[in-house]
Every structure is written in structure tokens, then in C-alpha cells.
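Shown next: input-v1.tsv, containing TSV, N, CA and C atoms.
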chain	number	residue	atom	x	y	z
F	1	MET	N	-4.44	-11.31	10.36
F	1	MET	CA	-5.15	-10.09	10.67
F	1	MET	C	-5.85	-9.61	9.39
F	2	ASN	N	-7.13	-9.32	9.49
F	2	ASN	CA	-7.82	-8.78	8.32
F	2	ASN	C	-7.65	-7.25	8.29
F	3	ILE	N	-8.15	-6.64	7.26
F	3	ILE	CA	-7.95	-5.19	7.08
F	3	ILE	C	-8.63	-4.40	8.19
F	4	GLN	N	-9.83	-4.83	8.58
F	4	GLN	CA	-10.55	-4.14	9.65
F	4	GLN	C	-9.75	-4.18	10.95
F	5	ASP	N	-9.17	-5.32	11.27
F	5	ASP	CA	-8.33	-5.42	12.46
F	5	ASP	C	-7.08	-4.55	12.34
F	6	ALA	N	-6.53	-4.49	11.13
F	6	ALA	CA	-5.34	-3.65	10.90
F	6	ALA	C	-5.69	-2.18	11.10
F	7	GLN	N	-6.86	-1.75	10.62
F	7	GLN	CA	-7.29	-0.36	10.83
F	7	GLN	C	-7.39	-0.06	12.32
F	8	LYS	N	-7.96	-0.99	13.07
F	8	LYS	CA	-8.09	-0.78	14.52
F	8	LYS	C	-6.72	-0.76	15.19
F	9	ALA	N	-5.83	-1.64	14.77
F	9	ALA	CA	-4.48	-1.68	15.36
F	9	ALA	C	-3.75	-0.36	15.12
F	10	VAL	N	-3.89	0.20	13.92
F	10	VAL	CA	-3.25	1.49	13.61
F	10	VAL	C	-3.89	2.59	14.46
F	11	ASP	N	-5.20	2.58	14.56
F	11	ASP	CA	-5.89	3.59	15.37
F	11	ASP	C	-5.46	3.49	16.83
F	12	ASP	N	-5.37	2.28	17.36
F	12	ASP	CA	-4.91	2.09	18.74
F	12	ASP	C	-3.48	2.58	18.90
F	13	TRP	N	-2.63	2.31	17.90
F	13	TRP	CA	-1.24	2.76	17.96
F	13	TRP	C	-1.17	4.28	17.99
F	14	ILE	N	-1.95	4.92	17.13
F	14	ILE	CA	-1.96	6.39	17.10
F	14	ILE	C	-2.39	6.94	18.45
F	15	LYS	N	-3.42	6.36	19.03
F	15	LYS	CA	-3.93	6.83	20.32
F	15	LYS	C	-2.97	6.56	21.46
F	16	THR	N	-2.16	5.51	21.36
F	16	THR	CA	-1.22	5.13	22.42
F	16	THR	C	0.14	5.79	22.26
F	17	HIS	N	0.64	5.84	21.03
F	17	HIS	CA	2.02	6.29	20.80
F	17	HIS	C	2.12	7.62	20.07
F	18	GLY	N	1.10	7.98	19.35
F	18	GLY	CA	1.13	9.24	18.62
F	18	GLY	C	0.34	10.29	19.39
F	19	VAL	N	0.50	11.51	19.02
F	19	VAL	CA	-0.29	12.57	19.64
F	19	VAL	C	-1.67	12.60	18.98
F	20	ARG	N	-1.67	12.48	17.65
F	20	ARG	CA	-2.89	12.47	16.84
F	20	ARG	C	-2.48	12.07	15.44
F	21	TYR	N	-3.46	11.87	14.58
F	21	TYR	CA	-3.16	11.63	13.17
F	21	TYR	C	-2.60	12.91	12.57
F	22	PHE	N	-1.64	12.78	11.68
F	22	PHE	CA	-1.27	13.92	10.85
F	22	PHE	C	-2.49	14.27	10.01
F	23	ASN	N	-2.60	15.49	9.57
F	23	ASN	CA	-3.77	15.82	8.74
F	23	ASN	C	-3.68	15.06	7.41
F	24	GLU	N	-4.80	15.04	6.71
F	24	GLU	CA	-4.90	14.24	5.49
F	24	GLU	C	-3.87	14.63	4.43
F	25	LEU	N	-3.63	15.91	4.28
F	25	LEU	CA	-2.65	16.35	3.28
F	25	LEU	C	-1.24	15.91	3.66
F	26	THR	N	-0.91	15.99	4.93
F	26	THR	CA	0.41	15.53	5.39
F	26	THR	C	0.54	14.03	5.16
F	27	ASN	N	-0.51	13.28	5.49
F	27	ASN	CA	-0.45	11.84	5.27
F	27	ASN	C	-0.37	11.49	3.79
F	28	MET	N	-1.03	12.28	2.94
F	28	MET	CA	-0.93	12.04	1.50
F	28	MET	C	0.50	12.26	1.03
F	29	ALA	N	1.13	13.31	1.53
F	29	ALA	CA	2.53	13.56	1.18
F	29	ALA	C	3.42	12.44	1.70
F	30	GLN	N	3.13	11.98	2.91
F	30	GLN	CA	3.91	10.89	3.49
F	30	GLN	C	3.73	9.60	2.68
F	31	LEU	N	2.49	9.34	2.23
F	31	LEU	CA	2.24	8.17	1.39
F	31	LEU	C	3.04	8.24	0.10
F	32	THR	N	3.06	9.41	-0.50
F	32	THR	CA	3.83	9.60	-1.74
F	32	THR	C	5.30	9.32	-1.49
F	33	GLU	N	5.82	9.79	-0.38
F	33	GLU	CA	7.21	9.55	-0.02
F	33	GLU	C	7.49	8.06	0.15
F	34	GLU	N	6.60	7.38	0.85
F	34	GLU	CA	6.80	5.94	1.08
F	34	GLU	C	6.71	5.14	-0.21
F	35	VAL	N	5.77	5.49	-1.08
F	35	VAL	CA	5.66	4.81	-2.38
F	35	VAL	C	6.94	5.06	-3.19
F	36	GLY	N	7.49	6.26	-3.08
F	36	GLY	CA	8.75	6.56	-3.75
F	36	GLY	C	9.88	5.67	-3.28
F	37	GLU	N	9.91	5.38	-1.98
F	37	GLU	CA	10.95	4.50	-1.45
F	37	GLU	C	10.78	3.08	-1.99
F	38	VAL	N	9.54	2.63	-2.10
F	38	VAL	CA	9.28	1.31	-2.70
F	38	VAL	C	9.73	1.32	-4.16
F	39	ALA	N	9.38	2.37	-4.89
F	39	ALA	CA	9.74	2.47	-6.30
F	39	ALA	C	11.26	2.46	-6.48
F	40	ARG	N	11.96	3.12	-5.60
F	40	ARG	CA	13.43	3.15	-5.68
F	40	ARG	C	14.01	1.75	-5.55
F	41	ILE	N	13.53	1.00	-4.57
F	41	ILE	CA	14.03	-0.36	-4.37
F	41	ILE	C	13.70	-1.23	-5.59
F	42	ILE	N	12.47	-1.18	-6.06
F	42	ILE	CA	12.04	-2.00	-7.20
F	42	ILE	C	12.84	-1.65	-8.45
F	43	ALA	N	12.99	-0.35	-8.71
F	43	ALA	CA	13.71	0.10	-9.91
F	43	ALA	C	15.16	-0.35	-9.90
F	44	ARG	N	15.76	-0.36	-8.73
F	44	ARG	CA	17.19	-0.69	-8.66
F	44	ARG	C	17.44	-2.17	-8.48
F	45	ARG	N	16.58	-2.83	-7.75
F	45	ARG	CA	16.79	-4.25	-7.48
F	45	ARG	C	16.26	-5.13	-8.61
F	46	TYR	N	15.14	-4.73	-9.20
F	46	TYR	CA	14.50	-5.57	-10.21
F	46	TYR	C	14.48	-4.92	-11.59
F	47	GLY	N	14.72	-3.63	-11.65
F	47	GLY	CA	14.73	-2.92	-12.91
F	47	GLY	C	16.14	-2.79	-13.46
F	48	GLU	N	16.32	-1.84	-14.33
F	48	GLU	CA	17.59	-1.70	-15.03
F	48	GLU	C	18.54	-0.72	-14.38
F	49	GLN	N	18.08	0.02	-13.39
F	49	GLN	CA	18.99	0.94	-12.71
F	49	GLN	C	19.94	0.14	-11.82
F	50	SER	N	21.16	0.64	-11.67
F	50	SER	CA	22.09	-0.03	-10.77
F	50	SER	C	21.75	0.33	-9.33
F	51	GLU	N	21.94	-0.64	-8.45
F	51	GLU	CA	21.61	-0.44	-7.04
F	51	GLU	C	22.80	0.17	-6.33
F	52	LYS	N	22.57	1.28	-5.65
F	52	LYS	CA	23.64	1.91	-4.88
F	52	LYS	C	23.95	1.06	-3.66
F	53	GLU	N	25.18	1.13	-3.24
F	53	GLU	CA	25.60	0.36	-2.06
F	53	GLU	C	24.71	0.68	-0.85
F	54	SER	N	24.33	1.95	-0.72
F	54	SER	CA	23.51	2.37	0.43
F	54	SER	C	22.08	1.82	0.36
F	55	ASP	N	21.66	1.35	-0.82
F	55	ASP	CA	20.30	0.82	-0.97
F	55	ASP	C	20.22	-0.70	-0.82
F	56	LYS	N	21.35	-1.36	-0.82
F	56	LYS	CA	21.36	-2.82	-0.84
F	56	LYS	C	20.77	-3.45	0.42
F	57	ASN	N	20.79	-2.76	1.52
F	57	ASN	CA	20.25	-3.31	2.77
F	57	ASN	C	18.83	-2.84	3.05
F	58	LYS	N	18.23	-2.11	2.11
F	58	LYS	CA	16.85	-1.65	2.30
F	58	LYS	C	15.92	-2.85	2.24
F	59	ASP	N	14.96	-2.88	3.13
F	59	ASP	CA	14.02	-3.98	3.24
F	59	ASP	C	12.73	-3.63	2.51
F	60	LEU	N	12.46	-4.28	1.38
F	60	LEU	CA	11.27	-4.00	0.59
F	60	LEU	C	10.00	-4.24	1.41
F	61	GLY	N	9.98	-5.31	2.20
F	61	GLY	CA	8.82	-5.60	3.03
F	61	GLY	C	8.53	-4.48	4.02
F	62	GLU	N	9.57	-3.95	4.62
F	62	GLU	CA	9.40	-2.84	5.56
F	62	GLU	C	8.84	-1.61	4.87
F	63	GLU	N	9.34	-1.33	3.68
F	63	GLU	CA	8.86	-0.16	2.94
F	63	GLU	C	7.41	-0.36	2.48
F	64	LEU	N	7.05	-1.57	2.06
F	64	LEU	CA	5.66	-1.83	1.70
F	64	LEU	C	4.76	-1.70	2.93
F	65	ALA	N	5.25	-2.14	4.09
F	65	ALA	CA	4.48	-2.00	5.33
F	65	ALA	C	4.27	-0.53	5.68
F	66	ASP	N	5.26	0.31	5.40
F	66	ASP	CA	5.09	1.76	5.61
F	66	ASP	C	3.95	2.30	4.76
F	67	VAL	N	3.87	1.84	3.51
F	67	VAL	CA	2.79	2.26	2.61
F	67	VAL	C	1.44	1.83	3.20
F	68	VAL	N	1.35	0.59	3.61
F	68	VAL	CA	0.10	0.07	4.18
F	68	VAL	C	-0.29	0.86	5.42
F	69	PHE	N	0.66	1.16	6.29
F	69	PHE	CA	0.38	1.90	7.52
F	69	PHE	C	-0.24	3.26	7.21
F	70	VAL	N	0.35	3.98	6.27
F	70	VAL	CA	-0.17	5.31	5.93
F	70	VAL	C	-1.54	5.20	5.25
F	71	VAL	N	-1.73	4.20	4.40
F	71	VAL	CA	-3.04	4.00	3.78
F	71	VAL	C	-4.10	3.74	4.86
F	72	LEU	N	-3.75	2.93	5.85
F	72	LEU	CA	-4.68	2.67	6.95
F	72	LEU	C	-4.97	3.94	7.75
F	73	CYS	N	-3.97	4.76	7.95
F	73	CYS	CA	-4.18	6.06	8.62
F	73	CYS	C	-5.18	6.90	7.82
F	74	LEU	N	-4.97	7.00	6.53
F	74	LEU	CA	-5.87	7.80	5.69
F	74	LEU	C	-7.29	7.24	5.71
F	75	ALA	N	-7.42	5.94	5.67
F	75	ALA	CA	-8.75	5.33	5.74
F	75	ALA	C	-9.42	5.66	7.07
F	76	ASN	N	-8.68	5.52	8.16
F	76	ASN	CA	-9.24	5.81	9.48
F	76	ASN	C	-9.70	7.25	9.59
F	77	GLN	N	-8.88	8.16	9.18
F	77	GLN	CA	-9.21	9.56	9.42
F	77	GLN	C	-10.23	10.11	8.44
F	78	THR	N	-10.51	9.38	7.37
F	78	THR	CA	-11.54	9.82	6.43
F	78	THR	C	-12.81	8.99	6.54
F	79	GLY	N	-12.84	8.06	7.49
F	79	GLY	CA	-14.04	7.27	7.73
F	79	GLY	C	-14.29	6.17	6.73
F	80	VAL	N	-13.25	5.70	6.06
F	80	VAL	CA	-13.40	4.62	5.08
F	80	VAL	C	-13.21	3.27	5.78
F	81	ASN	N	-14.18	2.39	5.60
F	81	ASN	CA	-14.02	1.01	6.05
F	81	ASN	C	-13.30	0.29	4.92
F	82	LEU	N	-12.00	0.15	5.07
F	82	LEU	CA	-11.17	-0.38	3.99
F	82	LEU	C	-11.46	-1.85	3.73
F	83	GLN	N	-11.90	-2.59	4.74
F	83	GLN	CA	-12.27	-4.00	4.52
F	83	GLN	C	-13.44	-4.08	3.55
F	84	GLU	N	-14.48	-3.29	3.81
F	84	GLU	CA	-15.64	-3.27	2.91
F	84	GLU	C	-15.26	-2.80	1.52
F	85	ALA	N	-14.46	-1.75	1.45
F	85	ALA	CA	-14.05	-1.20	0.16
F	85	ALA	C	-13.21	-2.21	-0.62
F	86	PHE	N	-12.31	-2.90	0.06
F	86	PHE	CA	-11.47	-3.89	-0.61
F	86	PHE	C	-12.30	-5.07	-1.10
F	87	ASP	N	-13.19	-5.56	-0.24
F	87	ASP	CA	-14.04	-6.69	-0.64
F	87	ASP	C	-14.88	-6.33	-1.86
F	88	LYS	N	-15.42	-5.13	-1.85
F	88	LYS	CA	-16.23	-4.66	-2.99
F	88	LYS	C	-15.38	-4.56	-4.25
F	89	LYS	N	-14.17	-4.02	-4.11
F	89	LYS	CA	-13.28	-3.87	-5.27
F	89	LYS	C	-12.86	-5.23	-5.82
F	90	LEU	N	-12.57	-6.17	-4.94
F	90	LEU	CA	-12.17	-7.50	-5.39
F	90	LEU	C	-13.30	-8.19	-6.16
F	91	GLU	N	-14.53	-8.03	-5.66
F	91	GLU	CA	-15.69	-8.58	-6.36
F	91	GLU	C	-15.86	-7.94	-7.74
F	92	LEU	N	-15.71	-6.63	-7.80
F	92	LEU	CA	-15.83	-5.91	-9.07
F	92	LEU	C	-14.76	-6.36	-10.06
F	93	LYS	N	-13.51	-6.44	-9.60
F	93	LYS	CA	-12.42	-6.84	-10.47
F	93	LYS	C	-12.60	-8.28	-10.95
F	94	THR	N	-13.12	-9.13	-10.08
F	94	THR	CA	-13.35	-10.53	-10.45
F	94	THR	C	-14.36	-10.62	-11.59
F	95	LYS	N	-15.45	-9.89	-11.46
F	95	LYS	CA	-16.48	-9.91	-12.50
F	95	LYS	C	-15.99	-9.25	-13.78
F	96	ARG	N	-15.32	-8.12	-13.64
F	96	ARG	CA	-14.93	-7.32	-14.80
F	96	ARG	C	-13.73	-7.89	-15.55
F	97	ASP	N	-12.77	-8.42	-14.84
F	97	ASP	CA	-11.47	-8.71	-15.45
F	97	ASP	C	-11.17	-10.18	-15.70
F	98	HIS	N	-12.00	-11.09	-15.23
F	98	HIS	CA	-11.67	-12.51	-15.37
F	98	HIS	C	-11.41	-12.90	-16.83
F	99	ASP	N	-12.36	-12.68	-17.69
F	99	ASP	CA	-12.19	-13.06	-19.09
F	99	ASP	C	-11.17	-12.18	-19.80
F	100	ARG	N	-11.16	-10.92	-19.43
F	100	ARG	CA	-10.25	-9.98	-20.10
F	100	ARG	C	-8.80	-10.43	-19.96
F	101	HIS	N	-8.39	-10.83	-18.78
F	101	HIS	CA	-6.99	-11.22	-18.57
F	101	HIS	C	-6.68	-12.56	-19.24
F	102	HIS	N	-7.64	-13.46	-19.24
F	102	HIS	CA	-7.41	-14.75	-19.91
F	102	HIS	C	-7.30	-14.60	-21.42
F	103	GLN	N	-7.90	-13.56	-21.97
F	103	GLN	CA	-7.86	-13.33	-23.40
F	103	GLN	C	-6.71	-12.41	-23.82
F	104	ASN	N	-5.98	-11.89	-22.87
F	104	ASN	CA	-4.89	-10.95	-23.17
F	104	ASN	C	-3.67	-11.72	-23.69
F	105	GLN	N	-3.37	-11.56	-24.97
F	105	GLN	CA	-2.26	-12.27	-25.59
F	105	GLN	C	-0.91	-11.89	-24.98
F	106	LYS	N	-0.81	-10.68	-24.46
F	106	LYS	CA	0.44	-10.22	-23.86
F	106	LYS	C	0.79	-11.00	-22.59
F	107	LEU	N	-0.21	-11.59	-21.96
F	107	LEU	CA	0.02	-12.34	-20.73
F	107	LEU	C	0.32	-13.81	-20.97
F	108	LYS	N	0.23	-14.23	-22.21
F	108	LYS	CA	0.43	-15.65	-22.53
F	108	LYS	C	1.89	-16.01	-22.79
F	109	SER	N	2.74	-15.06	-22.85
F	109	SER	CA	4.15	-15.37	-23.13
F	109	SER	C	4.97	-15.53	-21.89

Can you turn what I pasted into C-alpha cells?
Amino acid sequence: MNIQDAQKAVDDWIKTHGVRYFNELTNMAQLTEEVGEVARIIARRYGEQSEKESDKNKDLGEELADVVFVVLCLANQTGVNLQEAFDKKLELKTKRDHDRHHQNQKLKS
């Protein structure tokens, strides 16, 4: 599924199962909450914090999917074609960062 199809799938889901989109500020707060859940898993599972017993069964993929879902909601309700925006960003990063990353001594170790 490409990003455009994912945006449509989320929109269809909202129309079928939701009453409406939460407003943009609510979705921004929800996105922050979901990113926090991802950060908690990463910090405890891969970082130096100890993982609580209650966090050991948390599914990182599910939490990342929550982030993507809310981002797609925000794109839909603000009229952003995320496929076009992503393609444009990837092209920009490719042109801008190709040599920079190959020359970065910190990445060679």
C-alpha cells in the first residue's frame, strides 16, 4: 500500500467507524502521546533505562502504526497529499544529503 492509498484507507475508516476526525489540535496532542509511547519503548528496550515488567509486552510495531495513523489523519484533514510531500522530501534529501553522509566521519565507525 502506498501513502496515498493509506490516506484513503484512513479516511474510509473514519467515515465508516468514526463519527468524524478529531480536530487538528486534538490530533496533534494524540500524535504527541503516541510518539511518547514509542519513545518509552525505545528508551527502555534499546536505551539505558530498565524496562518495567508492564512494558515488556508492548508492541513497538503497533505503537509506530498508531503514529502513522494519526499522521495520516492530520494530512487528510489539512489537505496534504502526503505521497507527493514524501516523494518531494525524499528527492530533496537525496540531493542534499548524499555526499554529506558519506563524508561524515562519525558514521564510519

Given only C-alpha atoms as the counted atoms, nearest of F:Leu82, F:Val67, F:His17, F:Leu31 to Asp5 (chain F):
F:Leu82

Between F:Arg100, F:Leu72, F:Glu62, F:Glu48, single out the one closest to Lys8 (chain F), counting all atoms listed in the file.
F:Leu72

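The two atoms in question, CA of Phe69 (chain F) and CA of Glu37 (chain F), are spaced 14.1 Å apart.
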
Which of chain F fall in helix (DSSP H, G or I), as a ChimeraX atom specification:
/F:3-17,24-45,53-55,60-78,82-102,105-107

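Checking F:Glu91, F:Glu53, F:Asp97, F:Glu34 one by one against Asp66 (chain F), counting only C-alpha atoms, you find the shortest gap at F:Glu34.
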
Measure the distance from atom N of Glu84 (chain F) to atom C of Ile3 (chain F) in Å and round it to one decimal.
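These two atoms are separated by 7.4 Å.
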
Which one of F:Asp55, F:Thr78, F:Cys73, F:His98 sits closest to Ala6 (chain F) if you count only N, CA and C atoms?
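Of F:Asp55, F:Thr78, F:Cys73, F:His98, the one nearest Ala6 (chain F) is F:Cys73, counting only N, CA and C atoms.
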
One number please: CA of Leu60 (chain F) to CA of Glu33 (chain F), in Å, one decimal.
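One can read the CA of Leu60 (chain F) to CA of Glu33 (chain F) distance as 14.2 Å.
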
As JSON, what would the box around region 35-53 of chain F look like: edges along x, y and z, 4 Å added on every side, centre and edge lengths in Å to one decimal?
{"center_x": 15.6, "center_y": 0.5, "center_z": -7.9, "size_x": 27.9, "size_y": 20.1, "size_z": 22.2}

Point out the residue among F:Tyr21, F:Lys56, F:Gln4, F:Gln49 with the least atom-to-atom distance to Gln77 (chain F), counting only N, CA and C atoms.
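Between F:Tyr21, F:Lys56, F:Gln4, F:Gln49, the residue approaching Gln77 (chain F) most closely is F:Tyr21.
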